[in-house]
file start_0.cif (mmCIF, N, CA and C atoms and all ligand atoms)
data_run
loop_
_atom_site.label_atom_id
_atom_site.label_comp_id
_atom_site.auth_asym_id
_atom_site.auth_seq_id
_atom_site.Cartn_x
_atom_site.Cartn_y
_atom_site.Cartn_z
N MET A 504 -9.00 22.69 -33.70
CA MET A 504 -8.80 24.10 -33.38
C MET A 504 -7.80 24.24 -32.23
N LEU A 505 -6.87 25.18 -32.35
CA LEU A 505 -5.90 25.39 -31.29
C LEU A 505 -6.55 26.12 -30.11
N ARG A 506 -6.19 25.68 -28.90
CA ARG A 506 -6.72 26.36 -27.71
C ARG A 506 -5.58 27.05 -26.99
N PRO A 507 -5.86 28.17 -26.34
CA PRO A 507 -4.79 28.85 -25.60
C PRO A 507 -4.24 27.97 -24.48
N VAL A 508 -2.95 28.09 -24.22
CA VAL A 508 -2.32 27.33 -23.15
C VAL A 508 -2.69 27.96 -21.81
N THR A 509 -3.19 27.15 -20.90
CA THR A 509 -3.51 27.66 -19.56
C THR A 509 -2.52 27.07 -18.56
N SER A 510 -2.57 27.59 -17.35
CA SER A 510 -1.64 27.09 -16.34
C SER A 510 -1.95 25.64 -15.99
N GLU A 511 -3.11 25.13 -16.39
CA GLU A 511 -3.48 23.75 -16.06
C GLU A 511 -3.28 22.81 -17.24
N SER A 512 -2.66 23.28 -18.31
CA SER A 512 -2.51 22.46 -19.51
C SER A 512 -1.71 21.18 -19.24
N TYR A 513 -0.80 21.24 -18.25
CA TYR A 513 0.01 20.05 -17.98
C TYR A 513 -0.86 18.85 -17.60
N ARG A 514 -2.08 19.13 -17.14
CA ARG A 514 -2.97 18.04 -16.76
C ARG A 514 -3.37 17.18 -17.95
N LEU A 515 -3.20 17.71 -19.18
CA LEU A 515 -3.51 16.91 -20.37
C LEU A 515 -2.64 15.65 -20.41
N LEU A 516 -1.48 15.70 -19.78
CA LEU A 516 -0.56 14.56 -19.79
C LEU A 516 -0.80 13.62 -18.60
N HIS A 517 -1.91 13.81 -17.91
CA HIS A 517 -2.23 12.95 -16.77
C HIS A 517 -3.49 12.16 -17.08
N PRO A 518 -3.78 11.05 -16.38
CA PRO A 518 -3.04 10.51 -15.24
C PRO A 518 -1.74 9.83 -15.64
N LYS A 519 -0.84 9.70 -14.68
CA LYS A 519 0.46 9.06 -14.90
C LYS A 519 0.70 8.00 -13.83
N LEU A 520 1.63 7.12 -14.14
CA LEU A 520 2.10 6.17 -13.13
C LEU A 520 2.75 6.96 -11.99
N VAL A 521 2.43 6.59 -10.77
CA VAL A 521 3.06 7.26 -9.62
C VAL A 521 4.15 6.35 -9.05
N CYS A 522 5.29 6.93 -8.76
CA CYS A 522 6.39 6.20 -8.12
C CYS A 522 6.58 6.75 -6.71
N PHE A 523 7.33 6.04 -5.90
CA PHE A 523 7.80 6.58 -4.62
C PHE A 523 9.28 6.90 -4.77
N LEU A 524 9.67 8.09 -4.36
CA LEU A 524 11.09 8.43 -4.24
C LEU A 524 11.44 8.37 -2.76
N THR A 525 12.49 7.63 -2.43
CA THR A 525 12.96 7.60 -1.05
C THR A 525 14.32 8.26 -0.98
N SER A 526 14.60 8.85 0.16
CA SER A 526 15.86 9.57 0.36
C SER A 526 16.23 9.47 1.83
N VAL A 527 17.46 9.79 2.15
CA VAL A 527 17.89 9.72 3.56
C VAL A 527 18.63 11.01 3.95
N ASP A 528 18.57 11.31 5.25
CA ASP A 528 19.37 12.44 5.73
C ASP A 528 20.75 11.93 6.16
N LYS A 529 21.58 12.81 6.71
CA LYS A 529 22.95 12.42 7.02
C LYS A 529 23.02 11.33 8.08
N SER A 530 22.00 11.24 8.93
CA SER A 530 22.00 10.21 9.98
C SER A 530 21.41 8.89 9.46
N GLY A 531 20.94 8.88 8.21
CA GLY A 531 20.36 7.66 7.64
C GLY A 531 18.86 7.58 7.80
N LYS A 532 18.24 8.60 8.41
CA LYS A 532 16.78 8.60 8.56
C LYS A 532 16.12 8.81 7.20
N ALA A 533 15.17 7.93 6.89
CA ALA A 533 14.61 7.92 5.53
C ALA A 533 13.36 8.79 5.40
N ASN A 534 13.16 9.29 4.20
CA ASN A 534 11.95 10.04 3.84
C ASN A 534 11.39 9.43 2.55
N ILE A 535 10.13 9.71 2.29
CA ILE A 535 9.48 9.14 1.10
C ILE A 535 8.47 10.14 0.54
N MET A 536 8.40 10.26 -0.78
CA MET A 536 7.37 11.10 -1.41
C MET A 536 6.89 10.43 -2.70
N PRO A 537 5.60 10.55 -3.01
CA PRO A 537 5.14 10.09 -4.32
C PRO A 537 5.59 11.07 -5.39
N CYS A 538 5.95 10.55 -6.55
CA CYS A 538 6.42 11.39 -7.65
C CYS A 538 5.85 10.82 -8.96
N ALA A 539 5.02 11.61 -9.62
CA ALA A 539 4.43 11.15 -10.87
C ALA A 539 5.28 11.58 -12.07
N TRP A 540 6.07 12.63 -11.88
CA TRP A 540 6.85 13.14 -13.00
C TRP A 540 8.21 12.44 -13.05
N VAL A 541 8.14 11.14 -13.37
CA VAL A 541 9.33 10.29 -13.51
C VAL A 541 9.26 9.64 -14.88
N SER A 542 10.40 9.56 -15.54
CA SER A 542 10.40 8.96 -16.88
C SER A 542 11.71 8.20 -17.11
N PRO A 543 11.65 7.09 -17.87
CA PRO A 543 12.90 6.50 -18.32
C PRO A 543 13.62 7.52 -19.19
N ALA A 544 14.96 7.58 -19.08
CA ALA A 544 15.72 8.53 -19.89
C ALA A 544 16.75 7.82 -20.76
N SER A 545 17.17 6.59 -20.38
CA SER A 545 18.14 5.84 -21.17
C SER A 545 18.09 4.37 -20.75
N GLU A 546 18.21 3.47 -21.75
CA GLU A 546 18.26 2.04 -21.41
C GLU A 546 19.68 1.63 -21.03
N GLU A 547 20.67 2.16 -21.79
CA GLU A 547 22.07 1.81 -21.55
C GLU A 547 22.94 3.06 -21.65
N PRO A 548 23.44 3.61 -20.56
CA PRO A 548 23.27 3.10 -19.20
C PRO A 548 21.84 3.33 -18.71
N PRO A 549 21.36 2.49 -17.77
CA PRO A 549 20.00 2.70 -17.28
C PRO A 549 19.88 4.01 -16.52
N MET A 550 19.02 4.87 -17.01
CA MET A 550 18.84 6.18 -16.36
C MET A 550 17.37 6.54 -16.31
N VAL A 551 16.99 7.20 -15.25
CA VAL A 551 15.66 7.79 -15.16
C VAL A 551 15.82 9.27 -14.85
N ILE A 552 14.79 10.02 -15.17
CA ILE A 552 14.79 11.42 -14.79
C ILE A 552 13.54 11.66 -13.93
N ALA A 553 13.74 12.35 -12.81
CA ALA A 553 12.63 12.63 -11.90
C ALA A 553 12.59 14.13 -11.65
N PHE A 554 11.42 14.68 -11.72
CA PHE A 554 11.26 16.13 -11.52
C PHE A 554 10.71 16.35 -10.11
N VAL A 555 11.54 16.95 -9.27
CA VAL A 555 11.17 17.17 -7.87
C VAL A 555 11.27 18.66 -7.57
N ALA A 556 10.21 19.22 -7.03
CA ALA A 556 10.21 20.66 -6.73
C ALA A 556 11.33 20.98 -5.74
N LYS A 557 12.02 22.08 -6.02
CA LYS A 557 13.15 22.47 -5.17
C LYS A 557 12.75 22.68 -3.72
N THR A 558 11.47 23.00 -3.52
CA THR A 558 10.99 23.31 -2.17
C THR A 558 10.76 22.04 -1.34
N HIS A 559 10.73 20.87 -1.97
CA HIS A 559 10.45 19.64 -1.22
C HIS A 559 11.67 19.23 -0.40
N TYR A 560 11.40 18.68 0.78
CA TYR A 560 12.47 18.17 1.64
C TYR A 560 13.26 17.10 0.88
N THR A 561 12.58 16.30 0.08
CA THR A 561 13.23 15.26 -0.73
C THR A 561 14.33 15.86 -1.60
N ALA A 562 14.08 17.00 -2.22
CA ALA A 562 15.07 17.63 -3.09
C ALA A 562 16.32 17.99 -2.28
N ARG A 563 16.08 18.48 -1.05
CA ARG A 563 17.22 18.86 -0.20
C ARG A 563 18.07 17.62 0.14
N LEU A 564 17.38 16.51 0.48
CA LEU A 564 18.10 15.29 0.86
C LEU A 564 18.85 14.69 -0.34
N ILE A 565 18.20 14.68 -1.50
CA ILE A 565 18.86 14.11 -2.69
C ILE A 565 20.06 14.96 -3.07
N LYS A 566 19.92 16.26 -2.97
CA LYS A 566 21.04 17.14 -3.30
C LYS A 566 22.21 16.88 -2.35
N MET A 567 21.89 16.61 -1.10
CA MET A 567 22.92 16.40 -0.08
C MET A 567 23.61 15.04 -0.24
N THR A 568 22.84 13.98 -0.48
CA THR A 568 23.42 12.62 -0.49
C THR A 568 23.74 12.12 -1.89
N LYS A 569 23.17 12.77 -2.91
CA LYS A 569 23.34 12.37 -4.31
C LYS A 569 22.88 10.92 -4.55
N GLN A 570 21.85 10.52 -3.82
CA GLN A 570 21.27 9.21 -4.09
C GLN A 570 19.79 9.21 -3.70
N PHE A 571 19.06 8.29 -4.32
CA PHE A 571 17.66 8.13 -3.94
C PHE A 571 17.20 6.74 -4.35
N GLY A 572 16.07 6.32 -3.78
CA GLY A 572 15.46 5.05 -4.16
C GLY A 572 14.21 5.32 -4.97
N LEU A 573 13.91 4.40 -5.88
CA LEU A 573 12.71 4.53 -6.73
C LEU A 573 11.92 3.25 -6.59
N SER A 574 10.67 3.35 -6.15
CA SER A 574 9.84 2.17 -5.96
C SER A 574 8.50 2.37 -6.65
N ILE A 575 7.93 1.26 -7.10
CA ILE A 575 6.65 1.33 -7.81
C ILE A 575 5.55 0.77 -6.90
N PRO A 576 4.66 1.64 -6.41
CA PRO A 576 3.59 1.14 -5.55
C PRO A 576 2.51 0.43 -6.38
N ASP A 577 1.77 -0.47 -5.74
CA ASP A 577 0.62 -1.05 -6.44
C ASP A 577 -0.66 -0.37 -5.94
N ALA A 578 -1.79 -0.77 -6.51
CA ALA A 578 -3.05 -0.06 -6.24
C ALA A 578 -3.43 -0.12 -4.75
N SER A 579 -2.97 -1.15 -4.05
CA SER A 579 -3.34 -1.27 -2.63
C SER A 579 -2.68 -0.18 -1.78
N MET A 580 -1.73 0.56 -2.37
CA MET A 580 -1.00 1.57 -1.59
C MET A 580 -1.52 2.98 -1.83
N GLU A 581 -2.74 3.06 -2.35
CA GLU A 581 -3.30 4.39 -2.68
C GLU A 581 -3.31 5.33 -1.47
N ARG A 582 -3.72 4.80 -0.31
CA ARG A 582 -3.78 5.65 0.89
C ARG A 582 -2.37 6.16 1.24
N ALA A 583 -1.39 5.28 1.15
CA ALA A 583 -0.01 5.67 1.49
C ALA A 583 0.50 6.74 0.52
N ILE A 584 0.07 6.67 -0.73
CA ILE A 584 0.47 7.68 -1.71
C ILE A 584 -0.06 9.05 -1.29
N TRP A 585 -1.31 9.08 -0.87
CA TRP A 585 -1.89 10.38 -0.48
C TRP A 585 -1.30 10.88 0.83
N VAL A 586 -1.08 9.96 1.77
CA VAL A 586 -0.50 10.38 3.07
C VAL A 586 0.90 10.96 2.85
N THR A 587 1.74 10.25 2.09
CA THR A 587 3.13 10.69 1.93
C THR A 587 3.25 11.90 0.99
N GLY A 588 2.19 12.15 0.23
CA GLY A 588 2.20 13.30 -0.68
C GLY A 588 1.53 14.53 -0.08
N SER A 589 1.03 14.39 1.15
CA SER A 589 0.28 15.50 1.76
C SER A 589 1.05 16.25 2.83
N VAL A 590 2.14 15.67 3.31
CA VAL A 590 2.94 16.31 4.36
C VAL A 590 4.42 16.24 3.98
N SER A 591 5.23 17.05 4.65
CA SER A 591 6.66 17.02 4.37
C SER A 591 7.41 16.18 5.40
N GLY A 592 8.38 15.44 4.91
CA GLY A 592 9.22 14.64 5.79
C GLY A 592 10.09 15.50 6.69
N LYS A 593 10.12 16.79 6.42
CA LYS A 593 10.85 17.72 7.30
C LYS A 593 10.16 17.76 8.67
N ASP A 594 8.83 17.58 8.65
CA ASP A 594 8.04 17.72 9.88
C ASP A 594 7.55 16.39 10.44
N VAL A 595 7.45 15.37 9.59
CA VAL A 595 6.73 14.15 9.96
C VAL A 595 7.52 12.92 9.52
N ASP A 596 7.50 11.84 10.33
CA ASP A 596 8.02 10.54 9.88
C ASP A 596 6.93 9.90 9.03
N LYS A 597 7.08 10.02 7.71
CA LYS A 597 6.00 9.58 6.81
C LYS A 597 5.90 8.06 6.71
N PHE A 598 7.00 7.35 6.95
CA PHE A 598 6.90 5.88 6.95
C PHE A 598 5.94 5.45 8.06
N ALA A 599 6.11 6.05 9.27
CA ALA A 599 5.25 5.71 10.40
C ALA A 599 3.81 6.15 10.12
N LYS A 600 3.66 7.38 9.62
CA LYS A 600 2.32 7.92 9.40
C LYS A 600 1.53 7.09 8.37
N ALA A 601 2.23 6.60 7.35
CA ALA A 601 1.55 5.85 6.28
C ALA A 601 1.58 4.34 6.54
N GLY A 602 2.23 3.92 7.64
CA GLY A 602 2.31 2.49 7.94
C GLY A 602 3.16 1.73 6.93
N LEU A 603 4.22 2.37 6.44
CA LEU A 603 5.09 1.73 5.45
C LEU A 603 6.34 1.18 6.11
N GLN A 604 6.79 0.04 5.62
CA GLN A 604 7.99 -0.60 6.15
C GLN A 604 9.15 -0.35 5.19
N GLN A 605 10.36 -0.12 5.72
CA GLN A 605 11.52 0.10 4.85
C GLN A 605 12.21 -1.22 4.55
N LEU A 606 12.46 -1.49 3.27
CA LEU A 606 13.17 -2.69 2.85
C LEU A 606 14.32 -2.28 1.95
N GLN A 607 15.32 -3.14 1.84
CA GLN A 607 16.43 -2.89 0.92
C GLN A 607 15.90 -2.87 -0.52
N ALA A 608 16.40 -1.92 -1.36
CA ALA A 608 15.96 -1.83 -2.76
C ALA A 608 16.35 -3.08 -3.52
N LYS A 609 15.37 -3.68 -4.24
CA LYS A 609 15.65 -4.85 -5.07
C LYS A 609 14.92 -4.69 -6.39
N LYS A 610 15.72 -4.71 -7.49
CA LYS A 610 15.14 -4.49 -8.82
C LYS A 610 13.97 -5.43 -9.12
N ASP A 611 14.14 -6.72 -8.78
CA ASP A 611 13.10 -7.69 -9.15
C ASP A 611 11.85 -7.54 -8.31
N GLN A 612 11.89 -6.65 -7.32
CA GLN A 612 10.68 -6.38 -6.54
C GLN A 612 10.17 -4.97 -6.80
N GLY A 613 10.57 -4.41 -7.92
CA GLY A 613 10.02 -3.11 -8.33
C GLY A 613 10.63 -1.94 -7.61
N SER A 614 11.87 -2.05 -7.11
CA SER A 614 12.50 -0.88 -6.48
C SER A 614 13.97 -0.81 -6.91
N TYR A 615 14.47 0.39 -7.00
CA TYR A 615 15.81 0.63 -7.53
C TYR A 615 16.56 1.60 -6.63
N GLY A 616 17.87 1.34 -6.48
CA GLY A 616 18.72 2.33 -5.86
C GLY A 616 19.34 3.17 -6.97
N CYS A 617 19.37 4.48 -6.82
CA CYS A 617 19.82 5.36 -7.91
C CYS A 617 20.90 6.31 -7.40
N ARG A 618 21.91 6.54 -8.25
CA ARG A 618 22.91 7.56 -7.96
C ARG A 618 22.55 8.81 -8.76
N VAL A 619 22.92 9.95 -8.22
CA VAL A 619 22.55 11.21 -8.86
C VAL A 619 23.78 11.90 -9.41
N TYR A 620 23.67 12.38 -10.63
CA TYR A 620 24.69 13.26 -11.20
C TYR A 620 24.13 14.65 -11.13
N TRP A 621 24.83 15.52 -10.45
CA TRP A 621 24.30 16.85 -10.18
C TRP A 621 24.83 17.86 -11.17
N VAL A 622 23.92 18.43 -11.91
CA VAL A 622 24.25 19.53 -12.80
C VAL A 622 23.41 20.70 -12.26
N PRO A 623 23.95 21.92 -12.16
CA PRO A 623 23.19 22.99 -11.53
C PRO A 623 21.75 23.04 -12.04
N GLY A 624 20.81 22.87 -11.13
CA GLY A 624 19.39 22.97 -11.47
C GLY A 624 18.81 21.70 -12.07
N VAL A 625 19.64 20.69 -12.34
CA VAL A 625 19.15 19.48 -13.00
C VAL A 625 19.67 18.26 -12.26
N HIS A 626 18.83 17.25 -12.06
CA HIS A 626 19.25 15.99 -11.45
C HIS A 626 19.22 14.90 -12.51
N PHE A 627 20.24 14.05 -12.54
CA PHE A 627 20.20 12.86 -13.38
C PHE A 627 20.31 11.64 -12.48
N GLY A 628 19.40 10.71 -12.59
CA GLY A 628 19.45 9.51 -11.76
C GLY A 628 19.75 8.29 -12.59
N GLU A 629 20.61 7.40 -12.07
CA GLU A 629 20.98 6.19 -12.80
C GLU A 629 20.45 4.98 -12.04
N GLY A 630 19.64 4.15 -12.69
CA GLY A 630 19.11 2.95 -12.03
C GLY A 630 20.23 1.96 -11.79
N GLY A 631 20.08 1.11 -10.79
CA GLY A 631 21.12 0.10 -10.53
C GLY A 631 20.70 -0.83 -9.42
C1 LIG A 701 0.09 11.43 -6.69
C2 LIG A 701 1.14 12.48 -6.40
C3 LIG A 701 2.14 12.74 -7.33
C4 LIG A 701 3.12 13.73 -7.08
N1 LIG A 701 4.09 13.96 -7.99
C5 LIG A 701 5.04 14.90 -7.74
C6 LIG A 701 6.09 15.13 -8.71
O1 LIG A 701 6.17 14.50 -9.77
N2 LIG A 701 7.02 16.07 -8.41
C7 LIG A 701 6.98 16.81 -7.24
O2 LIG A 701 7.87 17.66 -7.05
N3 LIG A 701 5.99 16.62 -6.32
C8 LIG A 701 5.04 15.67 -6.55
N4 LIG A 701 4.06 15.44 -5.63
C9 LIG A 701 4.03 16.24 -4.39
C10 LIG A 701 4.96 15.69 -3.29
O3 LIG A 701 4.87 14.28 -3.19
C11 LIG A 701 4.55 16.29 -1.94
O4 LIG A 701 4.62 17.71 -1.99
C12 LIG A 701 5.35 15.75 -0.76
O5 LIG A 701 4.66 16.06 0.43
C13 LIG A 701 6.79 16.27 -0.69
O6 LIG A 701 7.36 15.68 0.45
P1 LIG A 701 8.77 16.09 1.09
O7 LIG A 701 8.66 17.54 1.52
O8 LIG A 701 8.90 15.16 2.29
O9 LIG A 701 9.81 15.87 0.06
C14 LIG A 701 3.08 14.46 -5.86
C15 LIG A 701 2.06 14.20 -4.91
C16 LIG A 701 1.11 13.22 -5.18
C17 LIG A 701 0.03 12.95 -4.15
#
call {"tool": "encode", "arguments": {"input": "start_0.cif", "output": "structure tokens"}}
result
Amino acid sequence: MLRPVTSESYRLLHPKLVCFLTSVDKSGKANIMPCAWVSPASEEPPMVIAFVAKTHYTARLIKMTKQFGLSIPDASMERAIWVTGSVSGKDVDKFAKAGLQQLQAKKDQGSYGCRVYWVPGVHFGEGG
């Protein structure tokens, strides 16, 4: 039987894998946010698509620098996921608050540096 669509229907597609998106401001200061709405978009060229609310500080930084990092946390990082997803990097150094260390992105360690192609209202990220 068909059920009416409610504002919470998107939850039918959860739970999902959670990723970390990292971004930097013009001075190189980094920010981090958990992002569950990430999907592979192409194998060749390697592309991912990430849905980030326009209101997030991360969206502002990615729009400004046209780059972001994508990392896959493991289960031991559950607390860090909630800490970094509960406050904005506009107000707080989330790496310090969550006790996270910044490392260079390395594909074989589950993290990627991504370039962004900006189309009005839409972000395209390319893994690399
Ligand atoms: C598990 C989890 C998954 C999330 N997934 C997304 C997502 O896919 N897209 C999004 O825009 N926000 C998502 N959020 C919310 C942002 O991570 C959160 O609002 C964050 O504080 C934004 O930080 P910023 O202002 O420093 O960018 C998620 C939060 C959590 C805890």
call {"tool": "closest_atom_pairs", "arguments": {"input": "start_0.cif", "of": "chain A", "to": "ligand LIG 701 (chain A)", "cutoff": "7 Å", "atoms": "all atoms listed in the file", "output": "JSON lines"}}
result
{"residue": "A:Val521", "atom": "CA", "partner": "A:LIG701", "partner_atom": "C1", "distance": 5.9}
{"residue": "A:Cys522", "atom": "N", "partner": "A:LIG701", "partner_atom": "C3", "distance": 6.8}
{"residue": "A:Asn534", "atom": "CA", "partner": "A:LIG701", "partner_atom": "O8", "distance": 6.2}
{"residue": "A:Ile535", "atom": "C", "partner": "A:LIG701", "partner_atom": "O8", "distance": 5.3}
{"residue": "A:Met536", "atom": "C", "partner": "A:LIG701", "partner_atom": "O3", "distance": 4.4}
{"residue": "A:Pro537", "atom": "N", "partner": "A:LIG701", "partner_atom": "O3", "distance": 3.8}
{"residue": "A:Cys538", "atom": "CA", "partner": "A:LIG701", "partner_atom": "N1", "distance": 3.5}
{"residue": "A:Ala539", "atom": "N", "partner": "A:LIG701", "partner_atom": "N1", "distance": 3.0}
{"residue": "A:Trp540", "atom": "N", "partner": "A:LIG701", "partner_atom": "O1", "distance": 2.8}
{"residue": "A:Val541", "atom": "N", "partner": "A:LIG701", "partner_atom": "O1", "distance": 5.3}
{"residue": "A:Ala553", "atom": "C", "partner": "A:LIG701", "partner_atom": "O1", "distance": 6.7}
{"residue": "A:Phe554", "atom": "C", "partner": "A:LIG701", "partner_atom": "N2", "distance": 4.1}
{"residue": "A:Val555", "atom": "CA", "partner": "A:LIG701", "partner_atom": "O2", "distance": 3.4}
{"residue": "A:Ala556", "atom": "N", "partner": "A:LIG701", "partner_atom": "O2", "distance": 2.8}
{"residue": "A:Lys557", "atom": "N", "partner": "A:LIG701", "partner_atom": "O2", "distance": 6.1}
{"residue": "A:Thr558", "atom": "C", "partner": "A:LIG701", "partner_atom": "O7", "distance": 5.7}
{"residue": "A:His559", "atom": "C", "partner": "A:LIG701", "partner_atom": "O9", "distance": 3.9}
{"residue": "A:Tyr560", "atom": "N", "partner": "A:LIG701", "partner_atom": "O7", "distance": 3.1}
{"residue": "A:Thr561", "atom": "N", "partner": "A:LIG701", "partner_atom": "O9", "distance": 2.8}
{"residue": "A:Ala562", "atom": "N", "partner": "A:LIG701", "partner_atom": "O9", "distance": 5.0}
{"residue": "A:Arg563", "atom": "N", "partner": "A:LIG701", "partner_atom": "O9", "distance": 6.9}
{"residue": "A:Ile584", "atom": "C", "partner": "A:LIG701", "partner_atom": "C17", "distance": 4.8}
{"residue": "A:Trp585", "atom": "CA", "partner": "A:LIG701", "partner_atom": "C17", "distance": 4.9}
{"residue": "A:Val586", "atom": "N", "partner": "A:LIG701", "partner_atom": "C17", "distance": 6.7}
{"residue": "A:Thr587", "atom": "C", "partner": "A:LIG701", "partner_atom": "O5", "distance": 4.4}
{"residue": "A:Gly588", "atom": "C", "partner": "A:LIG701", "partner_atom": "O5", "distance": 3.5}
{"residue": "A:Ser589", "atom": "N", "partner": "A:LIG701", "partner_atom": "O5", "distance": 4.1}
{"residue": "A:Val590", "atom": "C", "partner": "A:LIG701", "partner_atom": "O5", "distance": 3.6}
{"residue": "A:Ser591", "atom": "CA", "partner": "A:LIG701", "partner_atom": "O7", "distance": 3.5}
{"residue": "A:Gly592", "atom": "N", "partner": "A:LIG701", "partner_atom": "O8", "distance": 2.7}
{"residue": "A:Lys593", "atom": "N", "partner": "A:LIG701", "partner_atom": "O8", "distance": 4.6}
{"residue": "A:Asp594", "atom": "N", "partner": "A:LIG701", "partner_atom": "O8", "distance": 6.8}
call {"tool": "select_by_dssp", "arguments": {"input": "start_0.cif", "residues": "range 508-611 of chain A", "states": "strand (DSSP E or B)", "output": "list in words"}}
result
Cys522, Phe523, Leu524, Thr525, Ser526, Val527, Ala533, Asn534, Ile535, Met536, Pro537, Cys538, Val541, Ser542, Pro543, Ala544, Ser545, Met550, Val551, Ile552, Ala553, Gln570, Phe571, Gly572, Leu573 and Ser574 of chain A
call {"tool": "select_by_dssp", "arguments": {"input": "start_0.cif", "residues": "range 505-620 of chain A", "states": "alpha helix (DSSP H)", "output": "ChimeraX atom specification"}}
result
/A:560-568,581-587,597-601
call {"tool": "closest_residue", "arguments": {"input": "start_0.cif", "among": "A:Phe571, A:Ile552, A:Gly602, A:Gly616", "to": "Ala583 in chain A", "atoms": "all atoms listed in the file"}}
result
A:Gly602
call {"tool": "closest_residue", "arguments": {"input": "start_0.cif", "among": "A:Leu515, A:Thr509, A:Gly613, A:Met504", "to": "Pro576 in chain A", "atoms": "only N, CA and C atoms"}}
result
A:Gly613
call {"tool": "atom_distance", "arguments": {"input": "start_0.cif", "atom1": "CA of Ile575 in chain A", "atom2": "atom C of Ala533 in chain A"}}
result
16.6 Å
call {"tool": "atom_distance", "arguments": {"input": "start_0.cif", "atom1": "atom C of Thr568 in chain A", "atom2": "atom N of Val619 in chain A"}}
result
6.7 Å
call {"tool": "axis_aligned_box", "arguments": {"input": "start_0.cif", "around": "range 606-610 of chain A", "padding_each_side": "8 Å", "output": "lines of an AutoDock Vina configuration file"}}
result
center_x = 14.4
center_y = -3.5
center_z = -2.9
size_x = 20.0
size_y = 19.9
size_z = 28.4
call {"tool": "atom_distance", "arguments": {"input": "start_0.cif", "atom1": "CA of Gln607 in chain A", "atom2": "CA of Glu547 in chain A"}}
result
23.6 Å
call {"tool": "closest_residue", "arguments": {"input": "start_0.cif", "among": "A:Ser614, A:Gly572, A:Pro548, A:Gln604", "to": "Thr525 in chain A", "atoms": "only N, CA and C atoms"}}
result
A:Gly572
